[in-house]
$ cat entry-v4.cif   # mmCIF, C-alpha atoms and all ligand atoms
data_coords
#
loop_
_atom_site.label_atom_id
_atom_site.label_comp_id
_atom_site.auth_asym_id
_atom_site.auth_seq_id
_atom_site.Cartn_x
_atom_site.Cartn_y
_atom_site.Cartn_z
CA MET A 1 -11.08 11.67 21.93
CA GLU A 2 -14.11 13.44 20.53
CA GLY A 3 -12.93 16.38 18.46
CA SER A 4 -9.44 15.01 17.82
CA SER A 5 -10.05 16.00 14.21
CA THR A 6 -10.29 19.69 15.05
CA LYS A 7 -7.11 19.81 17.17
CA PRO A 8 -3.78 20.27 15.41
CA THR A 9 -2.02 17.03 14.56
CA ILE A 10 1.01 16.41 16.78
CA CYS A 11 4.18 15.42 14.90
CA TRP A 12 6.87 13.46 16.72
CA GLN A 13 10.22 13.50 14.90
CA ILE A 14 11.93 10.20 15.63
CA GLY A 15 14.35 10.10 12.71
CA ASP A 16 16.68 7.14 12.90
CA TYR A 17 15.22 5.04 15.68
CA ASP A 18 17.31 4.85 18.84
CA PRO A 19 15.41 3.14 21.66
CA ARG A 20 17.67 4.76 24.30
CA ASP A 21 16.97 8.31 23.16
CA PRO A 22 14.76 9.89 25.88
CA LEU A 23 12.83 12.06 23.40
CA THR A 24 12.03 8.98 21.33
CA GLN A 25 10.87 7.13 24.44
CA GLU A 26 8.70 10.06 25.46
CA ALA A 27 7.21 10.38 21.97
CA LEU A 28 6.35 6.69 21.77
CA ALA A 29 4.86 6.72 25.26
CA GLU A 30 2.66 9.68 24.33
CA ALA A 31 1.68 8.20 20.97
CA GLY A 32 0.85 4.91 22.68
CA ARG A 33 -1.37 6.71 25.22
CA LEU A 34 -3.16 8.48 22.38
CA VAL A 35 -3.94 5.14 20.67
CA ARG A 36 -4.91 3.59 23.99
CA GLY A 37 -7.29 6.50 24.59
CA GLY A 38 -9.11 5.97 21.29
CA GLY A 39 -7.13 8.42 19.14
CA LEU A 40 -5.57 8.03 15.69
CA VAL A 41 -1.80 7.93 15.19
CA ALA A 42 0.04 7.56 11.87
CA PHE A 43 3.29 5.60 12.08
CA PRO A 44 5.94 4.19 9.76
CA THR A 45 6.08 0.51 8.81
CA GLU A 46 8.57 -1.11 6.45
CA THR A 47 6.01 -0.83 3.61
CA VAL A 48 4.07 2.45 3.89
CA TYR A 49 2.81 4.67 6.73
CA GLY A 50 -0.20 3.24 8.57
CA LEU A 51 -3.04 5.08 10.33
CA GLY A 52 -3.43 3.27 13.64
CA ALA A 53 -6.18 2.89 16.20
CA ASP A 54 -6.90 0.43 19.03
CA ALA A 55 -8.32 -2.54 17.10
CA ARG A 56 -10.62 -3.44 20.02
CA ASN A 57 -12.29 -0.03 20.14
CA SER A 58 -15.23 0.37 17.72
CA ALA A 59 -15.43 4.16 18.05
CA ALA A 60 -11.70 4.53 17.41
CA VAL A 61 -11.83 2.24 14.37
CA ARG A 62 -14.79 4.16 12.97
CA ARG A 63 -12.68 7.33 13.19
CA ILE A 64 -10.12 5.72 10.85
CA PHE A 65 -12.80 5.27 8.17
CA GLU A 66 -13.97 8.85 8.71
CA ALA A 67 -10.50 10.40 8.59
CA LYS A 68 -9.62 8.51 5.40
CA GLY A 69 -13.02 8.76 3.74
CA ARG A 70 -12.81 4.98 3.40
CA PRO A 71 -15.82 2.79 2.52
CA SER A 72 -16.79 0.86 5.64
CA ASP A 73 -17.01 -2.49 3.81
CA ASN A 74 -13.23 -2.49 3.30
CA PRO A 75 -11.64 -4.29 6.27
CA LEU A 76 -8.40 -3.26 8.00
CA ILE A 77 -5.15 -5.06 8.77
CA VAL A 78 -4.42 -5.69 12.44
CA HIS A 79 -0.80 -5.00 13.41
CA VAL A 80 0.67 -7.02 16.26
CA ALA A 81 4.16 -7.26 17.75
CA ASN A 82 4.68 -11.03 17.47
CA ARG A 83 3.06 -14.42 16.92
CA GLU A 84 1.46 -14.39 20.38
CA GLY A 85 -0.20 -11.11 19.46
CA ALA A 86 -1.51 -12.73 16.29
CA ALA A 87 -2.78 -15.77 18.18
CA ALA A 88 -4.79 -13.44 20.43
CA VAL A 89 -6.88 -12.15 17.49
CA ALA A 90 -6.82 -15.06 15.01
CA ARG A 91 -6.59 -18.87 14.80
CA THR A 92 -2.94 -19.50 13.99
CA ASP A 93 -2.63 -23.18 14.91
CA ASP A 94 -2.50 -24.49 11.32
CA PRO A 95 1.10 -25.75 10.71
CA ALA A 96 1.12 -24.17 7.24
CA VAL A 97 0.30 -20.83 8.85
CA SER A 98 3.09 -21.34 11.41
CA ALA A 99 5.57 -21.92 8.59
CA LEU A 100 4.52 -18.66 6.92
CA MET A 101 4.77 -16.67 10.16
CA GLU A 102 8.17 -18.22 10.85
CA ALA A 103 9.49 -17.43 7.38
CA PHE A 104 8.09 -13.92 6.81
CA TRP A 105 7.41 -12.20 10.15
CA PRO A 106 8.29 -9.57 10.98
CA GLY A 107 7.78 -8.49 7.37
CA PRO A 108 5.41 -7.43 4.59
CA LEU A 109 3.13 -10.46 4.64
CA THR A 110 -0.49 -10.17 5.82
CA LEU A 111 -2.31 -13.40 6.66
CA VAL A 112 -6.10 -13.62 6.37
CA LEU A 113 -7.08 -16.06 9.14
CA PRO A 114 -10.19 -17.17 11.02
CA ALA A 115 -10.94 -14.41 13.55
CA ARG A 116 -11.23 -15.07 17.28
CA GLU A 117 -14.70 -13.96 18.14
CA GLY A 118 -14.77 -10.63 20.01
CA ALA A 119 -10.98 -10.10 19.88
CA VAL A 120 -11.24 -7.06 17.62
CA ALA A 121 -14.06 -4.60 16.91
CA PRO A 122 -16.46 -5.77 14.15
CA GLU A 123 -15.61 -2.60 12.15
CA VAL A 124 -12.06 -3.92 11.67
CA THR A 125 -13.16 -7.00 9.73
CA ALA A 126 -16.17 -5.30 8.11
CA GLY A 127 -18.24 -8.18 9.45
CA LEU A 128 -16.14 -10.95 7.82
CA PRO A 129 -15.40 -14.12 9.84
CA THR A 130 -11.71 -13.64 8.99
CA VAL A 131 -9.16 -11.10 10.18
CA ALA A 132 -6.05 -9.85 8.36
CA VAL A 133 -2.95 -9.83 10.60
CA ARG A 134 0.68 -8.89 10.25
CA VAL A 135 3.84 -8.17 12.26
CA PRO A 136 5.51 -5.13 10.67
CA ASP A 137 9.29 -5.11 10.28
CA HIS A 138 9.88 -1.62 11.60
CA PRO A 139 11.24 -0.78 15.06
CA VAL A 140 8.98 2.28 15.43
CA ALA A 141 5.84 0.33 14.52
CA LEU A 142 6.76 -2.46 16.95
CA ALA A 143 7.58 0.03 19.70
CA LEU A 144 4.24 1.80 19.19
CA ILE A 145 2.29 -1.49 19.37
CA ARG A 146 4.09 -2.35 22.63
CA SER A 147 3.59 1.14 24.02
CA ALA A 148 -0.14 1.14 23.20
CA GLY A 149 -0.48 -2.36 24.65
CA CYS A 150 -3.14 -3.39 22.16
CA PRO A 151 -3.46 -4.74 18.62
CA ILE A 152 -3.41 -1.77 16.21
CA ALA A 153 -5.78 -1.68 13.26
CA ALA A 154 -4.12 0.32 10.50
CA PRO A 155 -4.82 0.94 6.83
CA SER A 156 -2.38 3.02 4.82
CA ALA A 157 -2.37 6.62 6.13
CA ASN A 158 -3.67 8.32 2.97
CA ARG A 159 -7.04 9.78 2.06
CA SER A 160 -8.98 7.00 0.36
CA GLY A 161 -8.12 6.79 -3.34
CA ARG A 162 -4.75 8.60 -3.07
CA PRO A 163 -1.35 6.91 -3.40
CA SER A 164 -0.18 5.38 -0.12
CA PRO A 165 2.19 7.56 1.96
CA THR A 166 5.87 6.61 2.03
CA ASN A 167 6.95 9.52 4.25
CA ALA A 168 5.45 11.72 6.97
CA ALA A 169 5.00 14.68 4.60
CA HIS A 170 2.62 12.55 2.48
CA VAL A 171 0.60 11.78 5.61
CA ARG A 172 0.41 15.47 6.55
CA GLU A 173 -0.65 16.34 3.01
CA ASP A 174 -3.65 14.01 3.28
CA LEU A 175 -4.58 13.93 6.98
CA ASP A 176 -3.24 17.00 8.80
CA GLY A 177 -5.86 18.24 11.27
CA ARG A 178 -7.89 15.03 10.87
CA ILE A 179 -5.81 12.75 13.12
CA GLY A 180 -4.25 12.94 16.58
CA GLY A 181 -0.59 12.49 15.67
CA ILE A 182 2.11 11.37 13.28
CA VAL A 183 5.24 9.53 14.36
CA ASP A 184 7.81 10.61 11.77
CA GLY A 185 10.36 7.83 11.44
CA GLY A 186 11.67 8.87 8.03
CA PRO A 187 10.88 7.34 4.63
CA THR A 188 9.64 3.74 4.46
CA GLY A 189 11.76 1.01 2.89
CA VAL A 190 9.68 -1.31 0.71
CA GLY A 191 7.37 1.37 -0.68
CA VAL A 192 4.43 -0.86 -1.67
CA GLU A 193 2.06 -2.43 0.85
CA SER A 194 2.22 -5.92 2.29
CA THR A 195 1.26 -9.01 0.33
CA VAL A 196 -2.18 -10.20 1.50
CA VAL A 197 -2.67 -13.99 1.37
CA GLU A 198 -5.20 -16.53 2.57
CA PRO A 199 -4.25 -20.15 3.24
CA ILE A 200 -5.66 -22.76 0.81
CA PRO A 201 -5.08 -26.52 0.87
CA GLY A 202 -1.37 -27.07 0.11
CA GLY A 203 -0.50 -23.39 -0.23
CA VAL A 204 -1.74 -19.81 -0.33
CA ARG A 205 -3.85 -17.56 -2.51
CA ILE A 206 -2.53 -14.03 -3.09
CA LEU A 207 -5.35 -11.52 -2.61
CA ARG A 208 -3.06 -8.52 -3.06
CA PRO A 209 0.51 -8.68 -4.38
CA GLY A 210 3.00 -6.74 -2.26
CA GLY A 211 6.35 -6.66 -0.52
CA VAL A 212 6.73 -10.45 -0.30
CA THR A 213 6.94 -11.85 -3.83
CA ALA A 214 5.09 -14.87 -5.25
CA GLU A 215 8.48 -16.51 -5.78
CA GLN A 216 9.39 -16.07 -2.10
CA LEU A 217 6.00 -17.45 -1.05
CA ALA A 218 6.32 -20.49 -3.32
CA ALA A 219 9.57 -21.44 -1.62
CA VAL A 220 7.75 -21.77 1.72
CA ALA A 221 4.06 -22.35 0.96
CA GLY A 222 4.22 -24.71 -2.02
CA ARG A 223 1.22 -23.87 -4.17
CA VAL A 224 0.72 -20.15 -4.85
CA GLU A 225 -2.49 -19.06 -6.56
CA LEU A 226 -3.47 -15.58 -7.67
CA ASP A 227 -6.96 -14.39 -6.74
CA PRO A 228 -8.82 -14.48 -10.09
CA ALA A 229 -9.78 -10.84 -9.44
CA LEU A 230 -6.11 -9.95 -9.99
CA GLN A 231 -5.98 -11.47 -13.45
CA LYS A 232 -5.86 -9.02 -16.29
CA GLU A 233 -8.71 -10.12 -18.58
CA GLY A 234 -12.12 -8.76 -17.66
CA PRO A 235 -15.24 -10.88 -17.05
CA GLU A 236 -17.26 -12.07 -20.06
CA ASP A 237 -20.59 -12.91 -18.43
CA ALA A 238 -22.41 -12.70 -15.11
CA ALA A 239 -21.02 -16.04 -13.86
CA ALA A 240 -17.51 -14.92 -14.72
CA ALA A 241 -18.15 -11.53 -13.10
CA GLU A 242 -19.00 -13.42 -9.90
CA ARG A 243 -15.70 -15.30 -10.12
CA PHE A 244 -13.89 -12.00 -10.65
CA ALA A 245 -15.44 -10.38 -7.59
CA PRO A 246 -12.31 -9.66 -5.53
CA ARG A 247 -12.00 -11.62 -2.28
CA SER A 248 -9.95 -8.82 -0.78
CA PRO A 249 -12.61 -6.12 -0.59
CA GLY A 250 -10.09 -3.27 -0.95
CA MET A 251 -9.08 -4.44 -4.41
CA LYS A 252 -12.33 -3.32 -6.04
CA TYR A 253 -11.93 0.40 -5.36
CA THR A 254 -10.11 2.93 -7.54
CA HIS A 255 -6.86 3.62 -5.85
CA TYR A 256 -3.62 5.51 -6.10
CA ALA A 257 -4.93 7.58 -9.02
CA PRO A 258 -3.51 11.03 -9.74
CA GLN A 259 -5.96 13.84 -10.62
CA GLY A 260 -5.17 13.85 -14.34
CA ARG A 261 -5.47 10.99 -16.84
CA LEU A 262 -2.87 8.25 -16.66
CA ALA A 263 -2.24 5.28 -18.97
CA ILE A 264 0.46 2.62 -18.99
CA VAL A 265 2.31 1.95 -22.24
CA GLU A 266 3.74 -1.51 -22.97
CA ALA A 267 5.79 -2.38 -26.03
CA LYS A 268 4.39 -5.48 -27.77
CA ASP A 269 7.89 -6.76 -28.43
CA GLY A 270 9.16 -5.70 -25.01
CA ASP A 271 11.49 -3.06 -26.47
CA PRO A 272 11.35 0.03 -24.23
CA ARG A 273 12.68 2.21 -27.08
CA GLN A 274 9.63 1.40 -29.14
CA ALA A 275 7.32 2.30 -26.26
CA ALA A 276 9.32 5.50 -25.73
CA GLU A 277 8.83 6.57 -29.32
CA TYR A 278 5.04 6.18 -28.99
CA ILE A 279 5.08 7.92 -25.59
CA ARG A 280 6.99 10.94 -26.91
CA ARG A 281 4.58 11.32 -29.82
CA GLU A 282 1.51 11.12 -27.57
CA LEU A 283 2.98 13.55 -25.03
CA GLU A 284 3.78 16.07 -27.73
CA ALA A 285 0.28 15.78 -29.20
CA ALA A 286 -1.22 16.24 -25.73
CA ARG A 287 0.95 19.26 -25.07
CA ALA A 288 -0.19 20.77 -28.36
CA ARG A 289 -3.78 20.42 -27.06
CA GLY A 290 -2.80 22.44 -23.99
CA GLU A 291 -2.27 19.58 -21.54
CA LYS A 292 0.46 19.62 -18.90
CA THR A 293 2.22 16.35 -19.66
CA GLY A 294 3.94 13.83 -17.41
CA ILE A 295 5.91 10.60 -17.75
CA LEU A 296 6.55 8.01 -15.05
CA THR A 297 9.84 6.35 -15.84
CA VAL A 298 13.17 5.07 -14.51
CA ALA A 299 16.41 7.05 -14.15
CA GLU A 300 18.01 5.27 -17.12
CA HIS A 301 15.20 6.38 -19.46
CA ALA A 302 14.51 9.87 -18.09
CA PRO A 303 16.64 11.66 -20.74
CA TRP A 304 14.42 10.19 -23.48
CA TYR A 305 11.47 12.28 -22.31
CA GLU A 306 13.02 15.58 -21.25
CA ALA A 307 11.88 17.38 -24.40
CA SER A 308 8.29 16.06 -24.48
CA ALA A 309 7.17 15.79 -20.83
CA ASP A 310 6.60 18.78 -18.55
CA VAL A 311 6.98 16.49 -15.52
CA VAL A 312 9.52 13.66 -15.68
CA SER A 313 8.75 11.61 -12.58
CA VAL A 314 11.40 9.00 -11.82
CA ALA A 315 10.28 6.11 -9.61
CA GLY A 316 13.67 4.36 -9.36
CA THR A 317 16.21 2.62 -11.54
CA LEU A 318 15.82 -0.19 -14.05
CA ALA A 319 18.89 -1.80 -12.53
CA ASP A 320 17.16 -2.15 -9.14
CA PRO A 321 13.46 -3.13 -9.33
CA SER A 322 13.02 -2.68 -5.56
CA SER A 323 13.93 1.01 -5.99
CA VAL A 324 10.93 1.37 -8.32
CA ALA A 325 8.65 -0.06 -5.62
CA ARG A 326 10.19 2.29 -3.05
CA GLY A 327 9.69 5.38 -5.21
CA LEU A 328 6.42 4.56 -7.00
CA PHE A 329 3.90 6.32 -4.74
CA ALA A 330 6.00 9.48 -4.36
CA ALA A 331 6.40 9.55 -8.15
CA LEU A 332 2.59 9.34 -8.59
CA ARG A 333 2.04 12.06 -5.99
CA ARG A 334 4.46 14.31 -7.87
CA PHE A 335 2.08 14.51 -10.83
CA ASP A 336 -0.53 16.16 -8.61
CA GLU A 337 2.03 18.42 -6.93
CA GLU A 338 3.05 19.71 -10.37
CA GLY A 339 -0.48 19.83 -11.77
CA ALA A 340 0.05 17.37 -14.62
CA THR A 341 -3.14 16.63 -16.58
CA PHE A 342 -2.01 13.98 -19.11
CA MET A 343 0.39 11.28 -17.97
CA LEU A 344 1.88 8.13 -19.42
CA ALA A 345 3.81 5.48 -17.50
CA GLU A 346 6.35 3.02 -18.75
CA SER A 347 5.57 -0.60 -17.98
CA PHE A 348 7.71 -2.79 -15.69
CA PRO A 349 8.53 -6.51 -15.85
CA GLU A 350 5.80 -8.33 -13.92
CA HIS A 351 7.84 -10.72 -11.82
CA GLY A 352 9.27 -10.45 -8.33
CA ILE A 353 8.40 -7.10 -6.74
CA GLY A 354 7.36 -5.98 -10.25
CA GLN A 355 4.05 -7.79 -9.74
CA ALA A 356 3.09 -5.44 -6.91
CA VAL A 357 4.41 -2.42 -8.81
CA MET A 358 2.31 -3.21 -11.90
CA ASN A 359 -0.74 -3.98 -9.74
CA ARG A 360 -0.59 -0.52 -8.10
CA LEU A 361 0.27 1.25 -11.34
CA THR A 362 -2.59 -0.47 -13.19
CA LYS A 363 -5.00 0.70 -10.49
CA ALA A 364 -3.59 4.22 -10.64
CA ALA A 365 -4.26 4.14 -14.40
CA GLY A 366 -7.82 2.91 -13.89
CA GLY A 367 -6.87 -0.27 -15.78
CA THR A 368 -5.73 1.51 -18.96
CA ARG A 369 -2.79 -0.39 -20.44
CA LEU A 370 -1.89 0.42 -24.05
CA ARG A 371 0.05 -2.17 -26.07
CA VAL A 372 1.94 -0.44 -28.86
O1 LIG A 401 1.62 -2.75 4.12
C1 LIG A 401 0.44 -2.70 4.47
O2 LIG A 401 -0.30 -3.69 4.41
C2 LIG A 401 -0.08 -1.36 5.01
C3 LIG A 401 0.67 -1.03 6.29
C4 LIG A 401 0.14 0.19 6.98
O3 LIG A 401 0.66 -2.16 7.14
N1 LIG A 401 -1.49 -1.43 5.26
C5 LIG A 401 -2.41 -1.46 4.25
O4 LIG A 401 -3.72 -1.47 4.67
O5 LIG A 401 -2.11 -1.48 3.07
P1 LIG A 401 -4.94 -1.17 3.70
O6 LIG A 401 -6.11 -1.03 4.60
O7 LIG A 401 -4.64 -0.03 2.82
O8 LIG A 401 -5.11 -2.51 2.90
C6 LIG A 401 -5.63 -3.66 3.53
C7 LIG A 401 -5.99 -4.70 2.49
C8 LIG A 401 -7.22 -4.30 1.72
O9 LIG A 401 -7.07 -4.68 0.35
C9 LIG A 401 -8.31 -5.11 2.43
O10 LIG A 401 -9.41 -5.35 1.62
C10 LIG A 401 -7.55 -6.39 2.76
O11 LIG A 401 -6.27 -5.94 3.13
N2 LIG A 401 -8.17 -7.12 3.89
C11 LIG A 401 -8.26 -6.74 5.18
N3 LIG A 401 -8.94 -7.65 5.90
C12 LIG A 401 -9.29 -8.64 5.06
C13 LIG A 401 -10.01 -9.87 5.20
N4 LIG A 401 -10.51 -10.24 6.37
N5 LIG A 401 -10.18 -10.64 4.11
C14 LIG A 401 -9.67 -10.26 2.92
N6 LIG A 401 -8.98 -9.11 2.71
C15 LIG A 401 -8.79 -8.32 3.77
MG MG A 402 -4.48 1.49 1.33
#
$ encode --input "entry-v4.cif" --output "structure tokens"
Amino acid sequence: MEGSSTKPTICWQIGDYDPRDPLTQEALAEAGRLVRGGGLVAFPTETVYGLGADARNSAAVRRIFEAKGRPSDNPLIVHVANREGAAAVARTDDPAVSALMEAFWPGPLTLVLPAREGAVAPEVTAGLPTVAVRVPDHPVALALIRSAGCPIAAPSANRSGRPSPTNAAHVREDLDGRIGGIVDGGPTGVGVESTVVEPIPGGVRILRPGGVTAEQLAAVAGRVELDPALQKEGPEDAAAAERFAPRSPGMKYTHYAPQGRLAIVEAKDGDPRQAAEYIRRELEAARARGEKTGILTVAEHAPWYEASADVVSVAGTLADPSSVARGLFAALRRFDEEGATFMLAESFPEHGIGQAVMNRLTKAAGGTRLRV
């Protein structure tokens, strides 16, 4: 597929998936052939859109890194259709691992497991002895894996550093002309990426919070640890810095950041009205300096900012934390679409899906969290 990046990107409109629809069948057959032939195809999962390639094909996997502009030391997740598919690329015989697969697959849980030697291209694991595997809970993703007939390596289908894509338009924005095709299956459901865990004695360690919450994991896995790299306080000395080196290589890169400056504002006493007062003042001062201002908020609070923000970007509703996860990346992308240069974000409760939301938002803000 040399030169696939100079050909126009094919877009297959699947819409609501109906396996009996002949156009859908044809699209998935064609997309599967493209992957099988070493090409790149973006496809919907329940979390975000992925950019897929045959995980066994080094040249194809290298094209993913090229198309995304992704550092090659950041390994990819391998998408398989079921537990047998996982067992073909990783050691899954541990009973604790079986329990996790049983409880959460298909679904937004990625397991970092000992890799089966030679089962996937070395570029997928960036040379690590482990491989990250998941079974996505999306009929189009599963149909594409079956159609391609191979494990599919797929990072999120965005240019490296940009918010992950939650619809096909986001993928086109970032990758049009750089990839073979996009299977458009409508907007994704969860909105933040999968939870990445590695098994530890008596439980799991979360390397990246995501669609499966720590609370849900604890109910199945027992002990749930957070990778020290995810903890808020920075390292104090070299030894601590070593401990804080993220075990999930992707977590060390700037990510999700809009073009302008973004900071998160948290009220010390947890009162959103107090944070709002500070936010309005700062936005007005920024506007007076000539900035185009933005606020990332929830529907319930949007009216508070109408007079002081040029861009009021609503991620979801306070009443439904999962709606904030679903809308977060589109809300971040909106700042760039509107050319905002100075943005503030409200802070969200850090439990349940809120842990993943605050992790992504904190990265988007380059770690800047203001307590007022
Ligand atoms: O929901 C998702 O997980 C989406 C969809 C497309 O499935 N995919 C996704 O992939 O978010 P990506 O490449 O953007 O993130 C993969 C994460 C990175 O943080 C990477 O460092 C980590 O998984 N990872 C992959 N292989 C690993 C390994 N062997 N050990 C530790 N971390 C690994
Ligand atoms: Mg990503």
$ residues_around --input "entry-v4.cif" --residues "A:Arg70" --least-positions-apart "5" --cutoff "8 Å" --atoms "all atoms listed in the file" --output "list in words"
Ile64, Phe65, Arg159 and Ser160 of chain A
$ write_last_selection --input "entry-v4.cif" --atoms "C-alpha atoms" --output "mmCIF file, keeping the file's coordinate frame"
data_model
loop_
_atom_site.group_PDB
_atom_site.id
_atom_site.type_symbol
_atom_site.label_atom_id
_atom_site.label_comp_id
_atom_site.auth_asym_id
_atom_site.auth_seq_id
_atom_site.Cartn_x
_atom_site.Cartn_y
_atom_site.Cartn_z
ATOM 1 C CA ILE A 64 -10.120 5.720 10.850
ATOM 2 C CA PHE A 65 -12.800 5.270 8.170
ATOM 3 C CA ARG A 159 -7.040 9.780 2.060
ATOM 4 C CA SER A 160 -8.980 7.000 0.360
#
$ residues_around --input "entry-v4.cif" --residues "A:Gln355" --least-positions-apart "6" --cutoff "8 Å" --atoms "only C-alpha atoms" --output "ChimeraX atom specification"
/A:209-210,213,349
$ write_last_selection --input "entry-v4.cif" --atoms "C-alpha atoms" --output "CSV table (one decimal), keeping the file's coordinate frame"
chain,number,residue,atom,x,y,z
A,209,PRO,CA,0.5,-8.7,-4.4
A,210,GLY,CA,3.0,-6.7,-2.3
A,213,THR,CA,6.9,-11.8,-3.8
A,349,PRO,CA,8.5,-6.5,-15.8
$ atom_distance --input "entry-v4.cif" --atom1 "atom CA of A:Ala330" --atom2 "atom CA of A:Pro163"
7.8 Å
$ closest_atom_pairs --input "entry-v4.cif" --of "chain A" --to "ligand MG 402 (chain A)" --cutoff "6 Å" --atoms "all atoms listed in the file" --output "tab-separated table"
residue	atom	partner	partner_atom	distance
A:Pro155	CA	A:MG402	MG	5.5
A:Ser156	CA	A:MG402	MG	4.4
A:Ser164	CA	A:MG402	MG	6.0
$ closest_residue --input "entry-v4.cif" --among "A:Gly222, A:Gly191, A:Glu346, A:Leu28" --to "A:Val204" --atoms "all atoms listed in the file"
A:Gly222
$ residues_near_ligand --input "entry-v4.cif" --ligand "ligand LIG 401 (chain A)" --cutoff "7 Å" --atoms "all atoms listed in the file" --output "MDAnalysis selection string"
chainID A and resid 45 47:51 74:77 108 110 112 125 128 130:132 136 154:157 192:196 207:208 247:251
$ write_last_selection --input "entry-v4.cif" --atoms "C-alpha atoms" --output "mmCIF file, in the coordinates of the input"
data_model
loop_
_atom_site.group_PDB
_atom_site.id
_atom_site.type_symbol
_atom_site.label_atom_id
_atom_site.label_comp_id
_atom_site.auth_asym_id
_atom_site.auth_seq_id
_atom_site.Cartn_x
_atom_site.Cartn_y
_atom_site.Cartn_z
ATOM 1 C CA THR A 45 6.080 0.510 8.810
ATOM 2 C CA THR A 47 6.010 -0.830 3.610
ATOM 3 C CA VAL A 48 4.070 2.450 3.890
ATOM 4 C CA TYR A 49 2.810 4.670 6.730
ATOM 5 C CA GLY A 50 -0.200 3.240 8.570
ATOM 6 C CA LEU A 51 -3.040 5.080 10.330
ATOM 7 C CA ASN A 74 -13.230 -2.490 3.300
ATOM 8 C CA PRO A 75 -11.640 -4.290 6.270
ATOM 9 C CA LEU A 76 -8.400 -3.260 8.000
ATOM 10 C CA ILE A 77 -5.150 -5.060 8.770
ATOM 11 C CA PRO A 108 5.410 -7.430 4.590
ATOM 12 C CA THR A 110 -0.490 -10.170 5.820
ATOM 13 C CA VAL A 112 -6.100 -13.620 6.370
ATOM 14 C CA THR A 125 -13.160 -7.000 9.730
ATOM 15 C CA LEU A 128 -16.140 -10.950 7.820
ATOM 16 C CA THR A 130 -11.710 -13.640 8.990
ATOM 17 C CA VAL A 131 -9.160 -11.100 10.180
ATOM 18 C CA ALA A 132 -6.050 -9.850 8.360
ATOM 19 C CA PRO A 136 5.510 -5.130 10.670
ATOM 20 C CA ALA A 154 -4.120 0.320 10.500
ATOM 21 C CA PRO A 155 -4.820 0.940 6.830
ATOM 22 C CA SER A 156 -2.380 3.020 4.820
ATOM 23 C CA ALA A 157 -2.370 6.620 6.130
ATOM 24 C CA VAL A 192 4.430 -0.860 -1.670
ATOM 25 C CA GLU A 193 2.060 -2.430 0.850
ATOM 26 C CA SER A 194 2.220 -5.920 2.290
ATOM 27 C CA THR A 195 1.260 -9.010 0.330
ATOM 28 C CA VAL A 196 -2.180 -10.200 1.500
ATOM 29 C CA LEU A 207 -5.350 -11.520 -2.610
ATOM 30 C CA ARG A 208 -3.060 -8.520 -3.060
ATOM 31 C CA ARG A 247 -12.000 -11.620 -2.280
ATOM 32 C CA SER A 248 -9.950 -8.820 -0.780
ATOM 33 C CA PRO A 249 -12.610 -6.120 -0.590
ATOM 34 C CA GLY A 250 -10.090 -3.270 -0.950
ATOM 35 C CA MET A 251 -9.080 -4.440 -4.410
#
$ atom_distance --input "entry-v4.cif" --atom1 "atom CA of A:Asp174" --atom2 "atom CA of A:Leu23"
26.1 Å
$ atom_distance --input "entry-v4.cif" --atom1 "atom CA of A:Gly180" --atom2 "atom CA of A:Ala168"
13.7 Å
$ residues_around --input "entry-v4.cif" --residues "A:Glu338" --least-positions-apart "4" --cutoff "10 Å" --atoms "only C-alpha atoms" --output "ChimeraX atom specification"
/A:292-294,310-311,333-334
$ decode --input "entry-v4.cif" --residues "stretch 218-230 of chain A" --atoms "C-alpha atoms" --output "mmCIF file, in the first residue's frame"
data_model
loop_
_atom_site.group_PDB
_atom_site.id
_atom_site.type_symbol
_atom_site.label_atom_id
_atom_site.label_comp_id
_atom_site.auth_asym_id
_atom_site.auth_seq_id
_atom_site.Cartn_x
_atom_site.Cartn_y
_atom_site.Cartn_z
ATOM 1 C CA ALA A 218 -12.228 -3.338 42.583
ATOM 2 C CA ALA A 219 -15.427 -5.377 42.548
ATOM 3 C CA VAL A 220 -13.739 -8.005 40.347
ATOM 4 C CA ALA A 221 -9.978 -7.672 40.839
ATOM 5 C CA GLY A 222 -9.712 -7.032 44.572
ATOM 6 C CA ARG A 223 -6.735 -4.738 45.025
ATOM 7 C CA VAL A 224 -6.644 -1.742 42.677
ATOM 8 C CA GLU A 225 -3.505 0.396 42.623
ATOM 9 C CA LEU A 226 -2.887 3.585 40.680
ATOM 10 C CA ASP A 227 0.389 3.831 38.763
ATOM 11 C CA PRO A 228 2.407 6.346 40.844
ATOM 12 C CA ALA A 229 2.898 8.326 37.609
ATOM 13 C CA LEU A 230 -0.821 9.167 37.761
#
